[in-house]
Amino acid sequence: MGGGVGGTILYANWDPKFRANVEKSIPYSDQVFGLALGPAAPPPVINKPVSQTTGVLEHILRSHSLSFVSLNLTKFVVKHKLAHLTKEPPKCTECEHEPAVKERPEGEVAARLAEQDKAEQDLLTSLSSNLEDALGSTAKVTLQAIGAQEAALQAIAQHTRQLREAMEAEAPPDKKSTQWRVLEDALSERSRSVDEAGAAVLKAKAELDKLRGVIDGAKHLKIAAARPSILAAEENLHSMVVDLDSVVTRVQTAQSEAKIVSQYSELVNEAKAQFQKELNSITPEIQANWKGLTGKLTQDDLNSLIAHAHRRIDQLNRELAEQRVREQIHIDSALEQQKLEDKKALEVAISTALEHNREQMRLEQEKKVEETREVMEAEMRTQLRRQAAAHTDHLRDVLKVQEQELRSEAEEILNSSLMEKETEYRRLTQDQLDSFTLDMNAAYARLKGMEEAIDSHVIAEEEARKAHQLWLSVEALNYTLKTAALNDPTEPLEGAVQAIKESCAEDEFAQALATALPSESLSRGVYSEASLRARFYTIRQLARRVALIDETRNSLYQYFLSYLQAMLLFEKAQEAPPAKLSAEDLDTFKLLSYAAYSLEHGDLELAAKLVNQLKGESRRVAQDWLKEARLTLETKQVVSLLSAYANAVGLGTTMAP
Amino acid sequence: MSEKELGKKLDRCLADSAVKLGAGLGLGIVFSVVFFKRHTWPVAFGLGMGLGMAYTNCQNDLRAPYLIQRNIKMAS
């Protein structure tokens with residue numbers, strides 16, 4: 001970088017054009033070059049305005065480069081330039097991007113640019129208004145001047161014409177006086193108008209100078225947008241100047257012509273005066289104006305006049321000859337003079353034309369410069385836009401790539417850490433699970449053991465409870481059996497049996513037993529032994545009375561006989577039945593006494609059996625009793641079985657394991 | 001109560017005999033008075049008839065359990 005800069009400086013030192021290029025293209029390089037190499041030699045196309053304009057252009061370009069070139073670019077260039085050069089940083093009043101650069105935020109820059117633009121705009125409007133005013137006034141004044149000049153021209157022309165007319169025309173004396181008067185008027189008119197024109201020209205020139213001053217001032221402000229208006233103003237100025245000058249030259253030529261004509265008129269007047277004097281000398285009484293002399297002259301006068309005239313003619317011829325001779329010399333000298341004057345005039349004209357041309361060229365150049373500047377600026381803007389777009393694209397791409405990379409990295413890291421954490425987590429959970437499972441298993445086993453123990457207990461208790469309940473219900477049944485009042489059956493056993501059935505729902509034996517109870521006992525209840533015993537005596541009595549009656553013997557007479565038998569036959573009230581009944585024991589009376597005996601001894605069963613052996617009407621009479629006895633016996637049997645069973649079950653359950 | 005049955009039967013018997021006798025007597029009297037000019041024999045006849053009827057009724061009643069019943073099914 002340092003080598004590049006050094007090489008640039010050396011080459012700029014050697015090639016001024018290169019230096020100018022570099023100075024134009026790179027801001028601050030001119031100051032750098034100035035510091036390093038000294039001021040630049042003026043370029044070969046030495047044209048002050050051009051160089052001025054280039055200087056102005058540079059200034060303007062620089063200012064605009066600072067306003068419109070991207071911050072980064074200038075920053076980069078400036079930083080590099082200054083980093084590698086040990087000179088002091090260039091001062092720049094318009095430059096706000098100082099070497100201690102920091103990227104300004106876009107909003108601020110935009111604000112600054114907007115401010116600048118606004119300031120420029122204001123300045124521009126003021127400037128343009130100024131220019132317009134100045135232009136207007138100047139134009140007015142110039143027009144006035146031109147008008148005055150034209151008027152002067154006209155007056156001069158008229159005057160000379162009239163003078164010529166007056167010189168050449170031969171008019172009567174009165175007309176001549178009017179002519180002379182008219183001429184005088186014309187002369188006065190001409191002088192007046194010439195003065196006016198001169199004053200107007202001065203005023204116009206003053207105005208033009210003022211305008212120029214304003215334009216220069218505007219140029220000094222170096223605002224680009226004003227350039228076209230400045231250029232236009234300059235053009236106008238130039239054209240005004242040109243017109244003014246042309247008019248002035250026209251007036252001058254007219255004036256010179258007038259001078260010639262006046263000189264001629266003077267000469268003529270002189271000649272006339274001379275002639276008049278001569279005439280007066282010859283004819284002293286003649287009137288002054290020789291043109292009015294006709295008709296008043298005498299012959300002598302005429303002769304003398306003619307002689308004078310001839311003399312005059314001769315003189316004049318001589319003079320003419322002389323004059324002809326001198327003519328050439330005069331002509332030559334006049335030519336010479338004229339040549340000199342022409343040359344001078346030419347030079348002046350050339351100089352003015354040159355000036356005008358130069359001005360024109362300068363204006364054209366400025367215009368062209370302006371155009372090219374516009375084009376360049378537009379191009380630069382598009383390029384900058386492109387660059388910005390490219391920059392943003394590049395940034396976007398880079399950011400995308402970076403994002404991708406970072407994302408992939410982050411994902412990798414994330415994945416790896418996630419895996420680690422997962423494995424860790426799994427391990428921990430597995431450990432936890434294992435320990436937990438162990439605990440759980442142990443607890444479960446214990447629980448199972450406990451449950452089983454409890455269940456067995458429960459079962460045992462259930463069994464015990466059931467047995468107890470069964471026993472209770474059986475006891476209840478027993479109790480109900482005892483509720484038999486005398487001659488009345490017990491309560492219906494249904495409830496107690498139901499209770500038993502409920503209490504031993506799954507015990508088949510008990511169920512069977514419970515269902516084995518005769519239905520009458522359930523619905524009606526059974527008679528107690530005591531009642532049966534009591535009832536037996538009635539039965540016995542009756543059975544005794546109808547002992548003879550059976551299927552074959554059942555008339556009323558037999559009834560009577562049976563009654564008689566009963567009355568007359570006496571048996572033992574109670575007689576112990578033998579172990580085996582023989583045929584003769586089947587007698588009614590005997591049977592009855594056996595039954596009575598068994599009954600008295602509490603053996604209802606035997607009694608019932610014995611009563612069962614009765615035959616005939618006795619049997620019929622004892623049928624009900626027998627049924628009841630049977631019922632009672634059955635019930636008692638079942639109940640005793642049940643109670644035995646309940647006791648057994650209870651014993652079984654309450655047995656220690 | 002099968003043992004009470006006999007008693008009931010005998011009660012019925014008695015009642016019936018009383019009625020029959022009464023009726024017989026009545027009839028006898030009536031007949032005797034109306035038809036037989038107050039002879040006593042209709043009365044005795046009536047009484048006898050009454051008694052006989054009562055006796056038979058009683059006997060039948062007392063025999064009733066021993067009678068073999070036949071369920072006659074009518075051929076349809």
# chains A, B, ... in the order shown; residues from 1 in each chain; ligands from 1
call {"tool": "select_by_dssp", "arguments": {"residues": "chain B", "states": "alpha helix (DSSP H)", "output": "PyMOL selection string"}}
result
chain B and resi 2-30+40-63
call {"tool": "closest_atom_pairs", "arguments": {"of": "chain A", "to": "chain B", "cutoff": "8 Å", "atoms": "only C-alpha atoms", "output": "tab-separated table"}}
result
residue	atom	partner	partner_atom	distance
A:Thr538	CA	B:Glu3	CA	7.9
A:Ile539	CA	B:Glu3	CA	6.2
A:Leu542	CA	B:Glu3	CA	7.1
A:Glu551	CA	B:Tyr66	CA	5.6
A:Asn554	CA	B:Arg63	CA	5.9
A:Ser555	CA	B:Gln59	CA	5.6
A:Leu556	CA	B:Gln59	CA	5.3
A:Arg620	CA	B:Ser2	CA	6.8
A:Val621	CA	B:Glu3	CA	4.7
A:Ala622	CA	B:Glu3	CA	6.3
A:Gln623	CA	B:Ser2	CA	6.2
A:Asp624	CA	B:Ser2	CA	5.2
A:Trp625	CA	B:Met1	CA	7.5
call {"tool": "atom_distance", "arguments": {"atom1": "atom CA of A:Gly525", "atom2": "atom CA of A:Phe509"}}
result
22.3 Å
call {"tool": "residues_around", "arguments": {"residues": "stretch 38-52 of chain B", "least_positions_apart": "2", "cutoff": "7 Å", "atoms": "only C-alpha atoms", "output": "PyMOL selection string"}}
result
chain B and resi 17+20-21+23-25+27-29+31-33+36+54-56
call {"tool": "residues_around", "arguments": {"residues": "A:Leu135", "least_positions_apart": "2", "cutoff": "9 Å", "atoms": "only C-alpha atoms", "output": "MDAnalysis selection string"}}
result
chainID A and resid 130:133 137:140 207:208 211 233 236:237
call {"tool": "atom_distance", "arguments": {"atom1": "atom CA of A:Glu196", "atom2": "atom CA of A:Gly147"}}
result
10.0 Å
call {"tool": "residues_around", "arguments": {"residues": "stretch 248-262 of chain A", "least_positions_apart": "5", "cutoff": "10 Å", "atoms": "only C-alpha atoms", "output": "tab-separated table (two decimals) with C-alpha atoms, in the first residue's frame"}}
result
chain	number	residue	atom	x	y	z
A	145	ALA	CA	-29.16	51.15	-23.04
A	146	ILE	CA	-29.59	49.36	-26.29
A	149	GLN	CA	-28.09	53.46	-28.35
A	150	GLU	CA	-30.47	52.67	-31.12
A	151	ALA	CA	-32.14	55.99	-30.62
A	152	ALA	CA	-28.75	57.63	-30.65
A	153	LEU	CA	-27.93	55.72	-33.76
A	154	GLN	CA	-31.10	56.85	-35.32
A	155	ALA	CA	-30.47	60.40	-34.27
A	156	ILE	CA	-26.96	60.29	-35.57
A	157	ALA	CA	-28.06	58.81	-38.82
A	158	GLN	CA	-30.77	61.26	-39.19
A	159	HIS	CA	-28.48	64.08	-38.33
A	160	THR	CA	-25.84	63.01	-40.79
A	161	ARG	CA	-28.44	62.47	-43.42
A	163	LEU	CA	-26.43	67.31	-42.76
A	164	ARG	CA	-25.58	65.66	-46.00
A	167	MET	CA	-24.65	70.17	-47.62
A	190	ARG	CA	-28.23	63.62	-31.66
A	194	VAL	CA	-25.76	60.23	-27.66
A	197	ALA	CA	-27.01	56.47	-24.81
A	198	GLY	CA	-23.68	56.98	-23.18
A	201	VAL	CA	-24.44	52.30	-21.55
A	242	VAL	CA	-22.27	41.32	-26.84
A	243	ASP	CA	-25.36	43.20	-27.87
A	267	LEU	CA	-14.99	71.92	-44.56
A	268	VAL	CA	-17.92	72.92	-46.70
A	269	ASN	CA	-18.86	75.53	-44.22
A	349	ALA	CA	-12.47	44.13	-32.33
call {"tool": "atom_distance", "arguments": {"atom1": "atom CA of A:His310", "atom2": "atom CA of A:Lys272"}}
result
16.0 Å
